[in-house]
>>> print(open('protein_36.txt').read())   # compact mmCIF, C-alpha atoms
# COMPACT_ATOMS: atom_id res chain seq x y z
CA MET A 1 -17.98 20.18 -40.26
CA SER A 2 -18.45 16.86 -42.07
CA GLU A 3 -21.70 14.92 -41.69
CA ALA A 4 -19.71 12.02 -40.25
CA LEU A 5 -18.19 14.20 -37.52
CA HIS A 6 -21.59 15.69 -36.73
CA ALA A 7 -22.97 12.14 -36.36
CA LEU A 8 -20.08 11.15 -34.08
CA LEU A 9 -20.60 14.18 -31.84
CA ASP A 10 -24.29 13.31 -31.63
CA LEU A 11 -23.32 9.75 -30.64
CA LEU A 12 -21.14 11.12 -27.82
CA ASP A 13 -23.89 13.41 -26.49
CA LEU A 14 -25.31 11.06 -23.85
CA GLU A 15 -28.83 11.25 -22.45
CA ARG A 16 -28.93 11.96 -18.73
CA ILE A 17 -31.56 9.71 -17.15
CA GLU A 18 -30.65 10.27 -13.46
CA GLU A 19 -28.14 12.38 -11.53
CA ASP A 20 -25.24 9.97 -12.19
CA LEU A 21 -26.85 7.71 -14.78
CA PHE A 22 -26.50 8.20 -18.54
CA ARG A 23 -27.66 6.38 -21.63
CA GLY A 24 -25.81 6.09 -24.92
CA ARG A 25 -26.48 4.40 -28.21
CA SER A 26 -24.24 2.77 -30.77
CA ARG A 27 -23.93 2.66 -34.50
CA ALA A 28 -23.06 -0.19 -36.81
CA ALA A 29 -19.42 -1.15 -36.38
CA VAL A 30 -17.01 -2.82 -38.78
CA ILE A 31 -17.20 -5.92 -36.58
CA PRO A 32 -20.34 -7.33 -34.90
CA ARG A 33 -19.77 -5.61 -31.56
CA VAL A 34 -19.53 -2.07 -30.21
CA PHE A 35 -16.29 -0.31 -31.18
CA GLY A 36 -14.09 -0.08 -28.09
CA GLY A 37 -13.16 3.53 -28.71
CA GLN A 38 -16.84 4.45 -28.68
CA VAL A 39 -17.63 2.90 -25.30
CA ALA A 40 -14.44 4.35 -23.78
CA ALA A 41 -15.25 7.82 -25.12
CA GLN A 42 -18.87 7.65 -23.94
CA ALA A 43 -17.80 6.49 -20.48
CA LEU A 44 -15.41 9.44 -20.25
CA VAL A 45 -18.23 11.78 -21.28
CA ALA A 46 -20.38 10.34 -18.49
CA ALA A 47 -17.61 10.79 -15.92
CA GLY A 48 -16.82 14.32 -17.13
CA ARG A 49 -20.44 15.44 -16.78
CA THR A 50 -20.23 14.88 -13.02
CA VAL A 51 -17.03 16.94 -12.66
CA PRO A 52 -16.61 20.76 -12.65
CA GLU A 53 -15.45 22.01 -16.07
CA ASP A 54 -12.34 23.60 -14.58
CA ARG A 55 -11.04 20.14 -13.66
CA HIS A 56 -9.47 18.44 -16.66
CA ALA A 57 -9.12 14.72 -17.31
CA HIS A 58 -5.51 13.67 -16.79
CA SER A 59 -5.80 9.86 -16.86
CA LEU A 60 -8.10 6.93 -17.48
CA HIS A 61 -7.79 3.20 -16.96
CA ALA A 62 -10.34 0.84 -18.48
CA TYR A 63 -11.22 -2.81 -18.99
CA PHE A 64 -13.31 -4.26 -21.80
CA LEU A 65 -15.35 -6.95 -20.05
CA ARG A 66 -17.81 -8.25 -22.65
CA PRO A 67 -18.52 -7.59 -26.33
CA GLY A 68 -21.02 -4.74 -26.59
CA ASP A 69 -24.27 -5.21 -28.49
CA PRO A 70 -24.51 -2.43 -31.13
CA GLU A 71 -28.29 -2.89 -31.34
CA ALA A 72 -28.94 -2.14 -27.64
CA PRO A 73 -28.51 1.06 -25.60
CA ILE A 74 -25.64 1.28 -23.11
CA VAL A 75 -26.28 2.61 -19.60
CA TYR A 76 -23.35 4.36 -17.91
CA ASP A 77 -23.45 4.36 -14.10
CA VAL A 78 -21.06 6.90 -12.55
CA ASP A 79 -19.69 6.44 -9.03
CA ARG A 80 -18.34 9.64 -7.45
CA ILE A 81 -15.35 8.05 -5.75
CA ARG A 82 -13.64 11.22 -4.52
CA ASP A 83 -13.80 15.01 -4.76
CA GLY A 84 -10.54 16.39 -3.39
CA ARG A 85 -9.05 19.87 -3.34
CA SER A 86 -7.04 19.25 -6.52
CA PHE A 87 -8.18 15.89 -7.88
CA THR A 88 -11.54 14.30 -8.64
CA THR A 89 -11.94 10.57 -9.25
CA ARG A 90 -14.82 8.84 -10.99
CA ARG A 91 -15.61 5.20 -11.70
CA VAL A 92 -17.97 4.29 -14.55
CA VAL A 93 -19.59 0.94 -15.31
CA ALA A 94 -21.23 0.45 -18.72
CA VAL A 95 -24.14 -1.99 -18.62
CA GLN A 96 -26.08 -3.83 -21.33
CA HIS A 97 -28.71 -6.52 -20.85
CA GLY A 98 -28.16 -6.32 -17.08
CA LYS A 99 -24.43 -7.12 -17.27
CA PRO A 100 -21.31 -4.92 -17.18
CA VAL A 101 -19.57 -4.71 -20.54
CA PHE A 102 -16.94 -2.08 -19.71
CA GLY A 103 -15.41 -0.43 -16.66
CA LEU A 104 -13.48 2.83 -16.48
CA SER A 105 -11.73 4.83 -13.77
CA ALA A 106 -10.86 8.43 -14.61
CA SER A 107 -9.08 11.17 -12.70
CA PHE A 108 -9.49 14.92 -13.17
CA GLN A 109 -7.26 17.72 -11.90
CA THR A 110 -7.41 21.46 -11.42
CA PRO A 111 -4.69 22.88 -13.74
CA GLU A 112 -1.53 23.93 -11.94
CA GLU A 113 2.12 24.81 -12.62
CA GLY A 114 4.91 22.32 -11.90
CA LEU A 115 8.07 20.61 -13.15
CA ASP A 116 8.03 20.17 -16.92
CA HIS A 117 9.96 17.90 -19.27
CA GLN A 118 9.06 15.54 -22.08
CA ALA A 119 10.36 12.97 -24.55
CA SER A 120 11.26 14.37 -27.94
CA MET A 121 8.85 14.05 -30.84
CA PRO A 122 9.95 11.38 -33.35
CA GLY A 123 10.50 12.26 -36.97
CA ALA A 124 7.53 11.96 -39.32
CA PRO A 125 6.59 13.35 -42.74
CA ASP A 126 4.20 16.28 -43.00
CA PRO A 127 0.60 14.98 -42.96
CA ALA A 128 -0.24 17.07 -46.03
CA THR A 129 2.19 14.93 -48.06
CA LEU A 130 0.47 11.65 -47.10
CA PRO A 131 -2.52 10.01 -48.83
CA THR A 132 -5.89 10.24 -47.13
CA PHE A 133 -7.35 7.06 -45.68
CA GLU A 134 -9.76 6.74 -48.59
CA GLU A 135 -6.86 7.07 -51.03
CA ARG A 136 -4.97 4.37 -49.13
CA LEU A 137 -7.93 2.00 -49.38
CA ARG A 138 -8.04 2.39 -53.15
CA GLU A 139 -4.44 1.10 -53.30
CA TYR A 140 -5.49 -2.33 -51.98
CA PRO A 141 -7.72 -4.22 -54.45
CA HIS A 142 -7.23 -7.40 -52.39
CA LEU A 143 -9.61 -6.06 -49.74
CA ASP A 144 -13.21 -7.20 -49.93
CA PRO A 145 -15.18 -4.16 -51.19
CA GLY A 146 -17.74 -4.53 -48.41
CA VAL A 147 -15.02 -4.63 -45.75
CA ALA A 148 -13.26 -1.60 -47.27
CA ALA A 149 -16.55 0.32 -47.30
CA ARG A 150 -17.20 -0.48 -43.64
CA ILE A 151 -13.70 0.60 -42.61
CA ALA A 152 -14.05 3.87 -44.53
CA GLU A 153 -17.46 4.57 -42.97
CA ALA A 154 -16.21 3.79 -39.45
CA ARG A 155 -13.34 6.27 -39.81
CA ALA A 156 -15.10 8.96 -41.82
CA ALA A 157 -15.33 11.41 -38.90
CA VAL A 158 -11.53 11.48 -38.68
CA ASP A 159 -8.86 12.48 -41.18
CA LEU A 160 -6.48 9.57 -40.51
CA ARG A 161 -3.26 9.30 -42.49
CA TYR A 162 -0.84 6.38 -42.20
CA VAL A 163 2.84 7.22 -42.59
CA ASP A 164 3.49 3.71 -43.96
CA ALA A 165 1.20 1.01 -45.32
CA PRO A 166 -1.31 -0.26 -42.73
CA PRO A 167 -1.19 -3.95 -41.77
CA PHE A 168 -4.12 -4.88 -44.01
CA GLY A 169 -2.47 -3.15 -46.96
CA ASP A 170 0.94 -4.83 -46.90
CA TYR A 171 1.11 -8.12 -45.04
CA GLY A 172 2.80 -11.52 -45.26
CA THR A 173 6.27 -10.34 -44.25
CA PRO A 174 7.10 -9.21 -40.68
CA ARG A 175 8.02 -5.56 -40.31
CA GLU A 176 9.34 -3.41 -37.50
CA PRO A 177 6.64 -3.37 -34.78
CA ARG A 178 6.01 0.33 -35.11
CA SER A 179 3.30 2.38 -36.77
CA GLN A 180 2.68 6.10 -37.16
CA VAL A 181 -0.50 7.90 -38.13
CA TRP A 182 -1.48 11.54 -38.20
CA PHE A 183 -5.08 12.31 -37.26
CA ARG A 184 -7.52 15.15 -36.70
CA THR A 185 -11.29 15.46 -36.80
CA ASN A 186 -12.93 16.08 -40.18
CA GLY A 187 -14.08 19.54 -39.18
CA LYS A 188 -13.40 22.27 -36.63
CA LEU A 189 -14.77 22.28 -33.09
CA GLU A 190 -16.08 25.80 -32.58
CA GLY A 191 -18.37 27.66 -30.20
CA ALA A 192 -20.05 25.43 -27.62
CA LEU A 193 -18.20 22.39 -29.03
CA ASP A 194 -14.77 23.84 -28.27
CA ARG A 195 -14.46 22.32 -24.80
CA HIS A 196 -11.42 20.71 -23.20
CA LEU A 197 -13.33 17.53 -22.35
CA LEU A 198 -14.55 17.01 -25.92
CA HIS A 199 -11.03 17.21 -27.36
CA VAL A 200 -9.90 14.59 -24.83
CA VAL A 201 -12.95 12.40 -25.53
CA LEU A 202 -12.32 12.48 -29.29
CA ALA A 203 -8.67 11.52 -28.83
CA THR A 204 -9.86 8.63 -26.65
CA TYR A 205 -12.21 7.54 -29.43
CA VAL A 206 -9.47 7.57 -32.07
CA SER A 207 -6.85 5.95 -29.82
CA ASP A 208 -8.49 2.52 -30.14
CA MET A 209 -8.48 2.52 -33.95
CA THR A 210 -4.85 1.66 -34.70
CA LEU A 211 -2.96 0.96 -31.47
CA LEU A 212 -2.58 -2.80 -32.00
CA ASP A 213 -1.40 -2.34 -35.61
CA SER A 214 2.20 -2.62 -34.46
CA VAL A 215 1.50 -6.08 -32.98
CA LEU A 216 0.26 -7.24 -36.38
CA LEU A 217 3.22 -5.71 -38.22
CA ALA A 218 5.70 -7.68 -36.10
CA HIS A 219 4.21 -10.93 -37.42
CA GLY A 220 3.27 -9.94 -40.97
CA ARG A 221 -0.44 -10.20 -40.19
CA GLY A 222 -3.09 -8.10 -41.89
CA GLY A 223 -5.70 -8.26 -39.13
CA TRP A 224 -9.45 -8.84 -39.08
CA ALA A 225 -9.85 -7.01 -42.42
CA VAL A 226 -8.15 -9.90 -44.21
CA GLY A 227 -9.11 -12.60 -41.71
CA ASP A 228 -5.67 -13.81 -40.61
CA VAL A 229 -6.14 -12.91 -36.92
CA VAL A 230 -9.03 -12.48 -34.53
CA GLY A 231 -8.83 -10.15 -31.58
CA ALA A 232 -10.34 -7.64 -29.22
CA SER A 233 -9.21 -4.95 -26.81
CA LEU A 234 -8.71 -6.12 -23.22
CA ASP A 235 -7.67 -2.98 -21.38
CA HIS A 236 -6.76 0.59 -22.19
CA ALA A 237 -4.93 3.36 -20.31
CA MET A 238 -4.29 6.99 -21.22
CA TRP A 239 -2.49 9.89 -19.57
CA PHE A 240 -3.23 13.41 -20.78
CA HIS A 241 -0.12 15.51 -20.21
CA ARG A 242 -0.70 18.79 -22.01
CA PRO A 243 -3.61 20.57 -23.71
CA PHE A 244 -4.25 19.75 -27.36
CA ARG A 245 -6.91 20.15 -30.00
CA ALA A 246 -8.48 17.11 -31.64
CA ASP A 247 -9.28 19.21 -34.72
CA GLU A 248 -5.59 19.94 -35.36
CA TRP A 249 -2.99 17.44 -36.53
CA LEU A 250 -1.76 14.97 -33.92
CA LEU A 251 0.99 12.39 -34.48
CA TYR A 252 0.15 8.96 -33.03
CA ASP A 253 3.47 7.12 -32.68
CA GLN A 254 2.81 3.46 -31.78
CA GLU A 255 4.93 0.39 -31.08
CA SER A 256 4.59 -3.10 -29.66
CA PRO A 257 7.20 -4.27 -27.16
CA SER A 258 5.66 -7.73 -26.66
CA ALA A 259 3.17 -10.36 -27.77
CA SER A 260 2.67 -13.69 -26.00
CA GLY A 261 -0.01 -15.99 -24.64
CA GLY A 262 -2.57 -14.89 -27.22
CA ARG A 263 -2.17 -11.25 -26.19
CA GLY A 264 -0.36 -8.30 -27.74
CA LEU A 265 0.74 -5.05 -26.10
CA GLY A 266 0.72 -1.68 -27.82
CA GLN A 267 2.11 1.54 -26.39
CA ALA A 268 2.10 4.98 -27.93
CA ARG A 269 2.64 8.70 -27.60
CA ILE A 270 0.56 11.43 -29.17
CA HIS A 271 2.37 14.65 -30.07
CA THR A 272 0.99 17.93 -31.33
CA ARG A 273 2.30 19.16 -34.66
CA ASP A 274 4.60 21.64 -32.90
CA GLY A 275 6.22 18.83 -30.87
CA ARG A 276 4.47 18.89 -27.50
CA LEU A 277 3.86 15.49 -25.89
CA ALA A 278 0.11 15.52 -25.33
CA VAL A 279 -0.90 11.95 -24.45
CA SER A 280 0.59 8.57 -23.54
CA VAL A 281 -1.40 5.41 -24.33
CA VAL A 282 -1.04 1.71 -23.48
CA GLN A 283 -3.35 -1.10 -24.54
CA GLU A 284 -3.34 -4.88 -24.40
CA GLY A 285 -5.55 -6.94 -26.66
CA VAL A 286 -6.36 -10.49 -27.59
CA VAL A 287 -4.53 -11.35 -30.82
CA ARG A 288 -5.12 -14.94 -31.95
CA VAL A 289 -4.39 -16.80 -35.16
CA PRO A 290 -7.55 -18.63 -36.33
CA ARG A 291 -7.36 -22.41 -36.21
>>> encode(input="protein_36.txt", output="structure tokens")
Amino acid sequence: MSEALHALLDLLDLERIEEDLFRGRSRAAVIPRVFGGQVAAQALVAAGRTVPEDRHAHSLHAYFLRPGDPEAPIVYDVDRIRDGRSFTTRRVVAVQHGKPVFGLSASFQTPEEGLDHQASMPGAPDPATLPTFEERLREYPHLDPGVAARIAEARAAVDLRYVDAPPFGDYGTPREPRSQVWFRTNGKLEGALDRHLLHVVLATYVSDMTLLDSVLLAHGRGGWAVGDVVGASLDHAMWFHRPFRADEWLLYDQESPSASGGRGLGQARIHTRDGRLAVSVVQEGVVRVPR
């Protein structure tokens, strides 16, 4: 296991300070606020720790309310909304400096058999044939070295491989509003770490890294890394359809059907390497051109 993955897992291991109250910390982000994927993942950890392990997360819906302060702890307050025979519902509010910064609702279900169909997996090259993220960064000398270093550090726990050039690598000309990346953790999850909830939490963490890329591609924008847009996540929703492993290759197929009013919408599907549809994701974010 890489040191970066070990550090991420430590970050996701919240301190329990009361029965339904947890405390998390942050690490330096590439922008001066808490990374959205981190707070979403930590909130899901908090919710999951109040639910029996045999009930698996099947959906989450979240709102980013205020920019998080990376220098201050985050307190996660879990509300046990419902414990049914098949489904369990939790609501989590993340608080900093006495104010809510993030809210999440998550639902968990006892596994059961039922009707089964899925959309087909789109075509994509084998991840082994694609450059690593670090190799991609070296292709773009136009990036500020400090910015490139911060991006690489922020994503070091994950082996993330773009199928095509990322927005910050090739910008200026609009492209099809679609982006594909393969990802997996930089190390295996074994023993006590090999838990269903942790795989789901790690996918939640990664899901916020690239989902709005397709919005930028549609307008030939490179994003915050080159300073031609400013933005932030507004809301985030995920549905977990089938079991998957975060330490094995997953294809994140993303597209943007719309941008308007200073907001952009990204939607995506995550498939396992053998073609199973594992997760659906939708996110809207602020995407503004600086004046």
>>> atom_distance(input="protein_36.txt", atom1="CA of His61 (chain A)", atom2="CA of Leu265 (chain A)")
15.0 Å
>>> atom_distance(input="protein_36.txt", atom1="CA of Pro122 (chain A)", atom2="CA of Glu255 (chain A)")
12.3 Å
>>> closest_residue(input="protein_36.txt", among="A:Arg91, A:Arg178, A:His236, A:Arg184", to="Pro257 (chain A)", atoms="all atoms listed in the file")
A:Arg178
>>> residues_around(input="protein_36.txt", residues="Arg242 (chain A)", least_positions_apart="6", cutoff="8 Å", atoms="all atoms listed in the file", output="list in words")
Arg276, Leu277, Ala278 and Val279 of chain A
>>> atom_distance(input="protein_36.txt", atom1="CA of Val78 (chain A)", atom2="CA of Glu18 (chain A)")
10.2 Å
>>> closest_residue(input="protein_36.txt", among="A:Leu234, A:Val206, A:Val39, A:Ala225", to="Ala156 (chain A)", atoms="all atoms listed in the file")
A:Val206
>>> decode(input="protein_36.txt", residues="region 267-289 of chain A", atoms="N, CA, C and O atoms", output="mmCIF file, in the first residue's frame")
data_model
loop_
_atom_site.group_PDB
_atom_site.id
_atom_site.type_symbol
_atom_site.label_atom_id
_atom_site.label_comp_id
_atom_site.auth_asym_id
_atom_site.auth_seq_id
_atom_site.Cartn_x
_atom_site.Cartn_y
_atom_site.Cartn_z
ATOM 1 N N GLN A 267 -22.897 14.175 -15.372
ATOM 2 C CA GLN A 267 -23.497 12.886 -15.012
ATOM 3 C C GLN A 267 -22.570 11.784 -15.495
ATOM 4 O O GLN A 267 -21.835 11.956 -16.473
ATOM 5 N N ALA A 268 -22.588 10.660 -14.787
ATOM 6 C CA ALA A 268 -21.585 9.638 -15.085
ATOM 7 C C ALA A 268 -22.050 8.261 -14.655
ATOM 8 O O ALA A 268 -22.981 8.119 -13.842
ATOM 9 N N ARG A 269 -21.373 7.272 -15.193
ATOM 10 C CA ARG A 269 -21.541 5.881 -14.786
ATOM 11 C C ARG A 269 -20.171 5.289 -14.512
ATOM 12 O O ARG A 269 -19.207 5.587 -15.217
ATOM 13 N N ILE A 270 -20.106 4.471 -13.502
ATOM 14 C CA ILE A 270 -18.865 3.774 -13.152
ATOM 15 C C ILE A 270 -19.078 2.288 -13.397
ATOM 16 O O ILE A 270 -19.984 1.675 -12.818
ATOM 17 N N HIS A 271 -18.234 1.731 -14.274
ATOM 18 C CA HIS A 271 -18.304 0.304 -14.608
ATOM 19 C C HIS A 271 -17.064 -0.420 -14.082
ATOM 20 O O HIS A 271 -15.966 0.141 -14.059
ATOM 21 N N THR A 272 -17.256 -1.665 -13.686
ATOM 22 C CA THR A 272 -16.112 -2.505 -13.364
ATOM 23 C C THR A 272 -15.435 -2.922 -14.667
ATOM 24 O O THR A 272 -16.001 -2.784 -15.759
ATOM 25 N N ARG A 273 -14.225 -3.429 -14.549
ATOM 26 C CA ARG A 273 -13.464 -3.779 -15.752
ATOM 27 C C ARG A 273 -14.148 -4.877 -16.564
ATOM 28 O O ARG A 273 -13.998 -4.944 -17.792
ATOM 29 N N ASP A 274 -14.922 -5.736 -15.888
ATOM 30 C CA ASP A 274 -15.614 -6.802 -16.614
ATOM 31 C C ASP A 274 -16.996 -6.379 -17.100
ATOM 32 O O ASP A 274 -17.784 -7.222 -17.556
ATOM 33 N N GLY A 275 -17.322 -5.067 -17.008
ATOM 34 C CA GLY A 275 -18.521 -4.552 -17.653
ATOM 35 C C GLY A 275 -19.740 -4.350 -16.794
ATOM 36 O O GLY A 275 -20.785 -3.914 -17.288
ATOM 37 N N ARG A 276 -19.662 -4.632 -15.495
ATOM 38 C CA ARG A 276 -20.835 -4.444 -14.642
ATOM 39 C C ARG A 276 -21.015 -2.964 -14.301
ATOM 40 O O ARG A 276 -20.054 -2.287 -13.953
ATOM 41 N N LEU A 277 -22.250 -2.487 -14.393
ATOM 42 C CA LEU A 277 -22.548 -1.111 -13.989
ATOM 43 C C LEU A 277 -22.614 -1.072 -12.471
ATOM 44 O O LEU A 277 -23.504 -1.652 -11.856
ATOM 45 N N ALA A 278 -21.649 -0.370 -11.858
ATOM 46 C CA ALA A 278 -21.524 -0.363 -10.412
ATOM 47 C C ALA A 278 -22.181 0.850 -9.762
ATOM 48 O O ALA A 278 -22.824 0.740 -8.720
ATOM 49 N N VAL A 279 -22.006 2.037 -10.377
ATOM 50 C CA VAL A 279 -22.440 3.283 -9.743
ATOM 51 C C VAL A 279 -22.933 4.261 -10.799
ATOM 52 O O VAL A 279 -22.390 4.311 -11.905
ATOM 53 N N SER A 280 -23.971 5.025 -10.459
ATOM 54 C CA SER A 280 -24.378 6.184 -11.246
ATOM 55 C C SER A 280 -24.130 7.430 -10.410
ATOM 56 O O SER A 280 -24.328 7.412 -9.190
ATOM 57 N N VAL A 281 -23.705 8.517 -11.065
ATOM 58 C CA VAL A 281 -23.332 9.749 -10.357
ATOM 59 C C VAL A 281 -23.889 10.956 -11.103
ATOM 60 O O VAL A 281 -23.854 10.994 -12.342
ATOM 61 N N VAL A 282 -24.387 11.941 -10.359
ATOM 62 C CA VAL A 282 -24.808 13.214 -10.938
ATOM 63 C C VAL A 282 -24.314 14.323 -10.015
ATOM 64 O O VAL A 282 -24.399 14.207 -8.790
ATOM 65 N N GLN A 283 -23.797 15.386 -10.609
ATOM 66 C CA GLN A 283 -23.333 16.524 -9.823
ATOM 67 C C GLN A 283 -23.571 17.819 -10.581
ATOM 68 O O GLN A 283 -23.406 17.865 -11.805
ATOM 69 N N GLU A 284 -23.977 18.870 -9.838
ATOM 70 C CA GLU A 284 -24.031 20.202 -10.408
ATOM 71 C C GLU A 284 -23.030 21.070 -9.659
ATOM 72 O O GLU A 284 -22.859 20.931 -8.445
ATOM 73 N N GLY A 285 -22.390 21.956 -10.401
ATOM 74 C CA GLY A 285 -21.415 22.828 -9.767
ATOM 75 C C GLY A 285 -21.474 24.232 -10.328
ATOM 76 O O GLY A 285 -22.002 24.459 -11.423
ATOM 77 N N VAL A 286 -20.966 25.174 -9.557
ATOM 78 C CA VAL A 286 -20.776 26.526 -10.049
ATOM 79 C C VAL A 286 -19.603 26.507 -11.027
ATOM 80 O O VAL A 286 -18.541 25.977 -10.725
ATOM 81 N N VAL A 287 -19.809 27.054 -12.216
ATOM 82 C CA VAL A 287 -18.743 27.178 -13.205
ATOM 83 C C VAL A 287 -18.854 28.588 -13.784
ATOM 84 O O VAL A 287 -19.745 28.865 -14.606
ATOM 85 N N ARG A 288 -17.968 29.481 -13.360
ATOM 86 C CA ARG A 288 -18.026 30.873 -13.776
ATOM 87 C C ARG A 288 -16.738 31.297 -14.457
ATOM 88 O O ARG A 288 -15.656 30.853 -14.064
ATOM 89 N N VAL A 289 -16.875 32.158 -15.449
ATOM 90 C CA VAL A 289 -15.713 32.732 -16.115
ATOM 91 C C VAL A 289 -15.318 33.982 -15.336
ATOM 92 O O VAL A 289 -16.154 34.864 -15.110
#
